[in-house]
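What follows is the content of run.cif (mmCIF, C-alpha atoms and all ligand atoms).
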data_target
loop_
_atom_site.label_atom_id
_atom_site.label_comp_id
_atom_site.auth_asym_id
_atom_site.auth_seq_id
_atom_site.Cartn_x
_atom_site.Cartn_y
_atom_site.Cartn_z
CA MET A 1 0.00 0.00 0.00
CA GLU A 2 1.26 3.47 -0.88
CA PHE A 3 0.70 6.82 0.79
CA MET A 4 1.05 10.08 -1.07
CA ALA A 5 3.60 12.27 0.67
CA THR A 6 1.28 15.29 0.51
CA ASN A 7 -1.76 13.60 2.03
CA ASN A 8 -0.64 11.60 5.06
CA PRO A 9 -3.85 10.90 7.10
CA PHE A 10 -1.83 10.60 10.32
CA LYS A 11 -0.12 13.94 10.02
CA PRO A 12 -1.96 16.96 11.54
CA PRO A 13 -2.67 19.70 9.01
CA GLU A 14 -0.20 22.58 8.88
CA PRO A 15 -1.50 25.82 10.46
CA PRO A 16 -2.40 28.44 7.85
CA VAL A 17 0.49 30.74 7.00
CA ARG A 18 -0.40 34.25 8.11
CA GLN A 19 0.87 37.05 5.97
CA PRO A 20 2.22 40.18 7.61
CA ASP A 21 -0.44 42.92 7.97
CA ARG A 22 -3.33 40.46 7.59
CA ASP A 23 -5.36 39.01 10.45
CA GLU A 24 -6.52 35.42 10.79
CA GLY A 25 -9.51 36.06 8.50
CA GLY A 26 -7.31 37.57 5.80
CA SER A 27 -8.45 41.18 6.38
CA VAL A 28 -5.85 43.92 6.14
CA VAL A 29 -4.71 45.19 9.54
CA LEU A 30 -3.85 48.90 9.46
CA GLU A 31 -2.12 49.09 12.83
CA ARG A 32 -1.09 46.23 15.07
CA ARG A 33 -0.80 47.00 18.78
CA THR A 34 0.36 44.57 21.42
CA GLN A 35 -2.03 44.65 24.38
CA ARG A 36 -0.41 44.24 27.76
CA VAL A 37 -2.39 43.76 30.96
CA GLN A 38 -0.94 45.48 34.00
CA PRO A 39 -0.92 43.67 37.35
CA PRO A 40 -3.45 45.23 39.75
CA GLN A 41 -2.31 48.13 41.92
CA MET A 42 -1.64 46.75 45.40
CA TYR A 43 -2.43 48.56 48.65
CA GLN A 44 -0.54 48.42 51.92
CA VAL A 45 -2.33 48.58 55.23
CA VAL A 46 -0.35 50.90 57.50
CA MET A 47 -1.02 50.93 61.23
CA LEU A 48 -0.35 54.12 63.18
CA ASN A 49 1.00 54.63 66.66
CA ASP A 50 -0.88 56.34 69.46
CA ASP A 51 -0.20 56.81 73.16
CA TYR A 52 -3.19 54.89 74.55
CA THR A 53 -3.86 51.59 72.77
CA PRO A 54 -2.29 48.76 74.79
CA MET A 55 0.57 46.95 73.06
CA GLU A 56 -1.08 43.58 73.75
CA PHE A 57 -4.23 44.66 71.91
CA VAL A 58 -2.22 45.73 68.85
CA VAL A 59 -0.39 42.40 68.80
CA VAL A 60 -3.69 40.47 68.91
CA VAL A 61 -5.18 42.63 66.13
CA ILE A 62 -2.15 42.09 63.90
CA GLN A 63 -2.31 38.33 64.48
CA GLU A 64 -6.08 38.19 63.96
CA PHE A 65 -6.49 40.32 60.84
CA PHE A 66 -3.11 40.04 59.16
CA GLY A 67 -2.37 36.36 59.78
CA LYS A 68 0.92 36.95 61.60
CA ASP A 69 2.30 34.71 64.31
CA LEU A 70 2.98 36.10 67.79
CA GLU A 71 6.64 36.86 67.08
CA SER A 72 6.16 38.80 63.83
CA ALA A 73 3.06 40.56 65.20
CA THR A 74 5.14 41.70 68.19
CA GLN A 75 7.93 42.94 65.90
CA ILE A 76 5.46 44.90 63.77
CA MET A 77 3.83 46.40 66.87
CA LEU A 78 7.24 47.48 68.21
CA LYS A 79 8.13 49.04 64.86
CA ILE A 80 4.88 51.05 64.95
CA HIS A 81 5.59 52.07 68.55
CA LEU A 82 9.14 53.21 67.73
CA ASP A 83 8.75 54.60 64.18
CA GLY A 84 5.17 55.86 64.36
CA LYS A 85 3.84 53.45 61.73
CA ALA A 86 4.44 50.14 59.94
CA VAL A 87 3.00 48.07 57.13
CA CYS A 88 0.90 45.13 58.38
CA GLY A 89 0.11 43.62 54.97
CA VAL A 90 -0.24 44.24 51.22
CA TYR A 91 -3.46 43.36 49.36
CA PRO A 92 -5.64 44.26 46.38
CA LYS A 93 -7.61 47.48 46.99
CA ASP A 94 -10.90 46.05 48.28
CA ILE A 95 -9.27 43.54 50.61
CA ALA A 96 -7.02 46.27 52.08
CA ALA A 97 -10.11 48.43 52.66
CA THR A 98 -11.83 45.52 54.44
CA LYS A 99 -8.78 45.02 56.70
CA VAL A 100 -8.87 48.70 57.66
CA ASP A 101 -12.59 48.46 58.47
CA GLN A 102 -12.04 45.34 60.58
CA VAL A 103 -9.21 46.93 62.59
CA LEU A 104 -11.10 50.19 63.16
CA GLU A 105 -14.25 48.33 64.24
CA ALA A 106 -12.34 46.08 66.66
CA ALA A 107 -10.51 49.09 68.14
CA HIS A 108 -13.71 51.13 68.44
CA LYS A 109 -15.55 48.26 70.16
CA ALA A 110 -12.68 47.86 72.63
CA GLY A 111 -12.57 51.63 73.26
CA HIS A 112 -9.07 52.18 71.83
CA PRO A 113 -8.04 54.98 69.47
CA LEU A 114 -5.99 52.65 67.24
CA LYS A 115 -5.95 53.85 63.63
CA CYS A 116 -4.82 52.36 60.34
CA ILE A 117 -5.02 53.41 56.72
CA SER A 118 -4.53 51.84 53.31
CA GLU A 119 -2.45 53.44 50.59
CA PRO A 120 -1.18 52.38 47.18
CA VAL A 121 2.18 50.61 47.27
CA ASP A 122 4.85 53.08 46.02
CA PHE A 123 2.73 55.93 47.46
N1 LIG B 1 2.29 53.29 71.78
C1 LIG B 1 1.36 52.38 72.38
C2 LIG B 1 1.69 52.24 73.86
O1 LIG B 1 2.76 52.63 74.30
C3 LIG B 1 1.38 51.01 71.74
C4 LIG B 1 0.93 51.03 70.31
C5 LIG B 1 1.62 50.31 69.36
C6 LIG B 1 -0.23 51.73 69.93
C7 LIG B 1 1.21 50.29 68.04
C8 LIG B 1 -0.65 51.71 68.62
O2 LIG B 1 -0.37 50.94 66.37
C9 LIG B 1 0.06 50.99 67.68
N2 LIG B 1 0.76 51.68 74.63
#
Same coordinates, now as structure tokens:
Amino acid sequence: MEFMATNNPFKPPEPPVRQPDRDEGGSVVLERRTQRVQPPQMYQVVMLNDDYTPMEFVVVVIQEFFGKDLESATQIMLKIHLDGKAVCGVYPKDIAATKVDQVLEAAHKAGHPLKCISEPVDF
């Protein structure tokens, strides 16, 4: 039995050759632009120092809402205490806003003036 070299039934068909300046349907493309999607802007949640909120409360809040263990939460709290502020986490915009709401609500309920904000990374 003989196979014709140009019509091998086991060989997948060659993809169509696309000519420059023509799209897949053969229409002329006047201007070709490469579309690039940017990664989403990320937001950092920054906690601020004050003179009244107990250190222990801040450590618990950082563990609870930012998923840190006791040691890193303590380090972050001490950085806030010494430097005036520190980043607790970096998230997409809506999640960062939710974290801020959660911290402010917990602080308000406990009667502490603890404040935090979210801001774009590279602010
Ligand atoms: N400065 C506070 C104190 O001495 C402790 C504190 C730490 C408060 C971090 C707020 O975000 C804060 N009790």
Pick out the residues sitting within 12 Å of Asp50 of chain A, and hand them over as an MDAnalysis selection string; count only C-alpha atoms, and ignore anything fewer than 4 positions along from it in its own chain.
chainID A and resid 54:55 58 77 80:85 112:116
Determine the axis-aligned bounding box of all atoms of ligand LIG 1 (chain B) present in the file, pad each side by 3 Å, and express its centre and edge lengths in Å to one decimal place as lines of an AutoDock Vina configuration file.
center_x = 1.1
center_y = 51.8
center_z = 70.5
size_x = 9.4
size_y = 9.0
size_z = 14.3
Mind checking which residues fall within 8 Å of Phe65 of chain A, counting only C-alpha atoms, ignoring those fewer than 2 positions away in the same chain, and posting them as a PyMOL selection string?
chain A and resi 61-63+67+99+102-103
Between A:Ser118, A:Thr74, A:Gln38, A:Thr53, smallest distance to ligand LIG 1 (chain B) by all atoms listed in the file belongs to A:Thr53
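Using only C-alpha atoms and all ligand atoms, the nearest neighbour of ligand LIG 1 (chain B) within the list A:Ala97, A:Pro39, A:Ala86, A:Glu31 is A:Ala86.
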My list of candidates is A:Asp51, A:Pro40, A:Gly89, A:Ala107. Which is closest to Lys68 of chain A when distances are computed with all atoms listed in the file?
A:Gly89
I'd like the interatomic distance between atom C4 of ligand LIG 1 (chain B) and atom CA of Gln41 of chain A, to a tenth of an Å.
28.7 Å
Mind pulling up the distance from atom CA of Ile95 of chain A to atom CA of Gln35 of chain A?
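Between these atoms lies a distance of 27.2 Å.
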I need the residue nearest ligand LIG 1 (chain B) from this list: A:Val60, A:Leu70, A:Met42, A:Leu78. Use only C-alpha atoms and all ligand atoms for the distance.
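Among the listed residues, the smallest separation from ligand LIG 1 (chain B) belongs to A:Leu78.
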Atom C7 of ligand LIG 1 (chain B) sits from atom CA of Leu48 of chain A at a separation of 6.4 Å
Which residue, A:Ala73, A:Ala106, A:Val100, A:Met47, has the smallest gap to ligand LIG 1 (chain B) when you use all atoms listed in the file?
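Ranked by minimum distance to ligand LIG 1 (chain B), first place goes to A:Met47.
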